[in-house]
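Undergrad: One structure, as structure tokens, below. Some questions next.
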Amino acid sequence: MGPKTAQRVALHLLQHDRGGADQLGRALLNALEHLQHCRSCNTFTETQTCGICEDGQRDDSLLCVVETPADLLVLEQTRSFRGRYFVLMGRLSPLDGVGPADIHLERLIDRASQPGLSELIVATNFTPEGEATAHAIESVLRARGLIPPLRISRLARGVPVGGELEYVDLGTIAQAVRDRRQLQGA
């Protein structure tokens with residue numbers, strides 16, 4: 001939400017829903033008082049370890065690195081990934097003064113060094129900052145001697161499910177052509 005939208009929401013609540021404004025304020029204070037970072041994956045939680053990290057049914061050999069808790073939630077909603085997560089709480093952005101310490105890169109390296117991990121999936125966004133972050137993660141893992149044996153992969157890019165080529169931007173089509181896969185049985 002940008003500043004103008006936030007201002008509109010605040011004014012609407014103050015003008016038309018003062019009870020809702022009070023409820024929102026109390027919820028934010030409660031979050032500030034009770035939320036902390038999960039000691040394992042770094043997302044927000046009310047306990048020392050979040051529910052995802054407590055889940056014994058997850059695959060400990062897979063670690064998916066995301067930029068934000070919102071990214072983790074979206075991946076969870078797909079029900080396609082049953083491994084573990086690490087939330088960076090940001091992405092590298094030298095122009096904004098965001099460096100490796102600001103995105104918990106050392107904690108990620110410690111997590112990637114744990115025995116039993118076989119693959120680290122970098123699921124940062126496909127923005128210049130997300131790409132720089134993915135590159136930095138790979139470079140640090142390689143410099144620390146974790147690649148190999150640790151396999152590092154990146155989320156695939158391409159034409160969205162249900163998308164029609166004539167409506168997809170040219171950069172996405174070009175990336176889909178570069179990342180094409182062989183058909184099964186071919």
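By order of appearance in the structure tokens: chains A, B, ..., then residues from 1 within every chain, and ligands from 1 in the order shown.
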Find the spatial neighbours of Leu117 (chain A), counting only C-alpha atoms, within a cut-off of 9 Å - ignore same-chain residues fewer than 5 positions away - and output them as number ranges by chain.
TA: A: 60-63, 111-112, 150
Undergrad: Got time to write the residues from that selection, N, CA and C atoms, as a PDB file, in the first residue's frame?
TA:
```
ATOM      1  N   ASP A  60      13.075 -32.172   4.941  1.00  0.00           N
ATOM      2  CA  ASP A  60      14.218 -31.419   5.467  1.00  0.00           C
ATOM      3  C   ASP A  60      15.353 -31.269   4.461  1.00  0.00           C
ATOM      4  N   SER A  61      15.308 -31.981   3.346  1.00  0.00           N
ATOM      5  CA  SER A  61      16.396 -31.905   2.371  1.00  0.00           C
ATOM      6  C   SER A  61      16.222 -30.726   1.412  1.00  0.00           C
ATOM      7  N   LEU A  62      15.053 -30.079   1.436  1.00  0.00           N
ATOM      8  CA  LEU A  62      14.768 -28.957   0.539  1.00  0.00           C
ATOM      9  C   LEU A  62      14.596 -27.673   1.334  1.00  0.00           C
ATOM     10  N   LEU A  63      15.270 -26.607   0.907  1.00  0.00           N
ATOM     11  CA  LEU A  63      15.141 -25.301   1.551  1.00  0.00           C
ATOM     12  C   LEU A  63      14.832 -24.265   0.478  1.00  0.00           C
ATOM     13  N   ARG A 111      21.994 -21.858   7.931  1.00  0.00           N
ATOM     14  CA  ARG A 111      20.908 -22.811   7.664  1.00  0.00           C
ATOM     15  C   ARG A 111      21.277 -23.745   6.510  1.00  0.00           C
ATOM     16  N   ALA A 112      21.905 -23.186   5.480  1.00  0.00           N
ATOM     17  CA  ALA A 112      22.297 -23.990   4.315  1.00  0.00           C
ATOM     18  C   ALA A 112      23.431 -24.948   4.635  1.00  0.00           C
ATOM     19  N   LEU A 150      25.797 -29.164  -2.204  1.00  0.00           N
ATOM     20  CA  LEU A 150      24.457 -28.592  -2.209  1.00  0.00           C
ATOM     21  C   LEU A 150      24.077 -28.158  -3.619  1.00  0.00           C
TER      22      LEU A 150
END
```
Undergrad: Identify, with DSSP run on backbone atoms, the residues in region 54-162 of chain A assigned to alpha helix (DSSP H), and express the list as a ChimeraX atom specification.
TA: /A:54,69-78,105-112,128-143
Undergrad: So that I can see what lies close to Gln36 (chain A), please list as a PyMOL selection string the residues with an atom at most 12 Å from it, counting only C-alpha atoms and leaving out residues fewer than 3 positions away in the same chain.
TA: chain A and resi 30-33+39-50
Undergrad: State, in Å with one decimal place, the distance from CA of Met89 (chain A) to CA of Thr68 (chain A).
TA: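 Rounded to one decimal, the two atoms are 4.9 Å apart.
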Undergrad: Counting only C-alpha atoms, which of A:Gly116, A:Gly25, A:Gly90, A:Gly163 gets nearest to Ala10 (chain A)?
TA: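 Checking each of A:Gly116, A:Gly25, A:Gly90, A:Gly163 against Ala10 (chain A), counting only C-alpha atoms, the winner is A:Gly25.
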Undergrad: I need the residue nearest Ala132 (chain A) from this list: A:Ile103, A:Leu92, A:Ser113, A:Gly162. Use only C-alpha atoms for the distance.
TA: A:Leu92
Undergrad: With only C-alpha atoms as the basis for distance, which of A:Val65, A:Val74, A:Val98, A:Ala6 is at the shortest distance from Val122 (chain A)?
TA: A:Val65
Undergrad: Hey, what's within 12 Å of Pro94 (chain A) if we count only C-alpha atoms and toss same-chain stuff fewer than 5 positions away? As a list in words, please?
TA: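 Listed by chain and then number, they are Gly99, Pro100, Ala101, Asp102, Ile103, Pro128, Glu129, Ala132 and Thr133 of chain A.
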Undergrad: At what distance in Å, to one decimal, does CA of Arg181 (chain A) lie from CA of Asp169 (chain A)?
TA: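 Computing the Euclidean distance for CA of Asp169 (chain A) and CA of Arg181 (chain A) yields 20.0 Å.
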Undergrad: Given only C-alpha atoms as the basis, pick out the residue of A:Tyr85, A:Ser93, A:Gly130, A:Gln175 nearest to Leu73 (chain A).
TA: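 Ranked by minimum distance to Leu73 (chain A), first place goes to A:Tyr85.
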Undergrad: Which is closest to Gln114 (chain A) among A:Leu146, A:Arg82, A:Glu67, A:Val87, if we use only C-alpha atoms?
TA: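 Smallest distance to Gln114 (chain A) is found for A:Leu146.
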Undergrad: Where does DSSP see strand (DSSP E or B) in region 23-186 of chain A, if you list the residues as a list in words?
TA: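 Of region 23-186 of chain A, the ones in strand (DSSP E or B) are Gln36, His37, Phe44, Thr45, Asp59, Asp60, Ser61, Leu62, Leu63, Cys64, Val65, Val66, Gly83, Arg84, Tyr85, Phe86, Val87, Ser93, Val98, Glu119, Leu120, Ile121, Val122, Arg151, Ile152, Ser153 and Arg154 of chain A.
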Undergrad: May I ask which of the residues A:Arg58, A:Ala134, A:Arg157, A:Glu106 is the closest one to Ser80 (chain A), counting only C-alpha atoms?
TA: A:Arg58
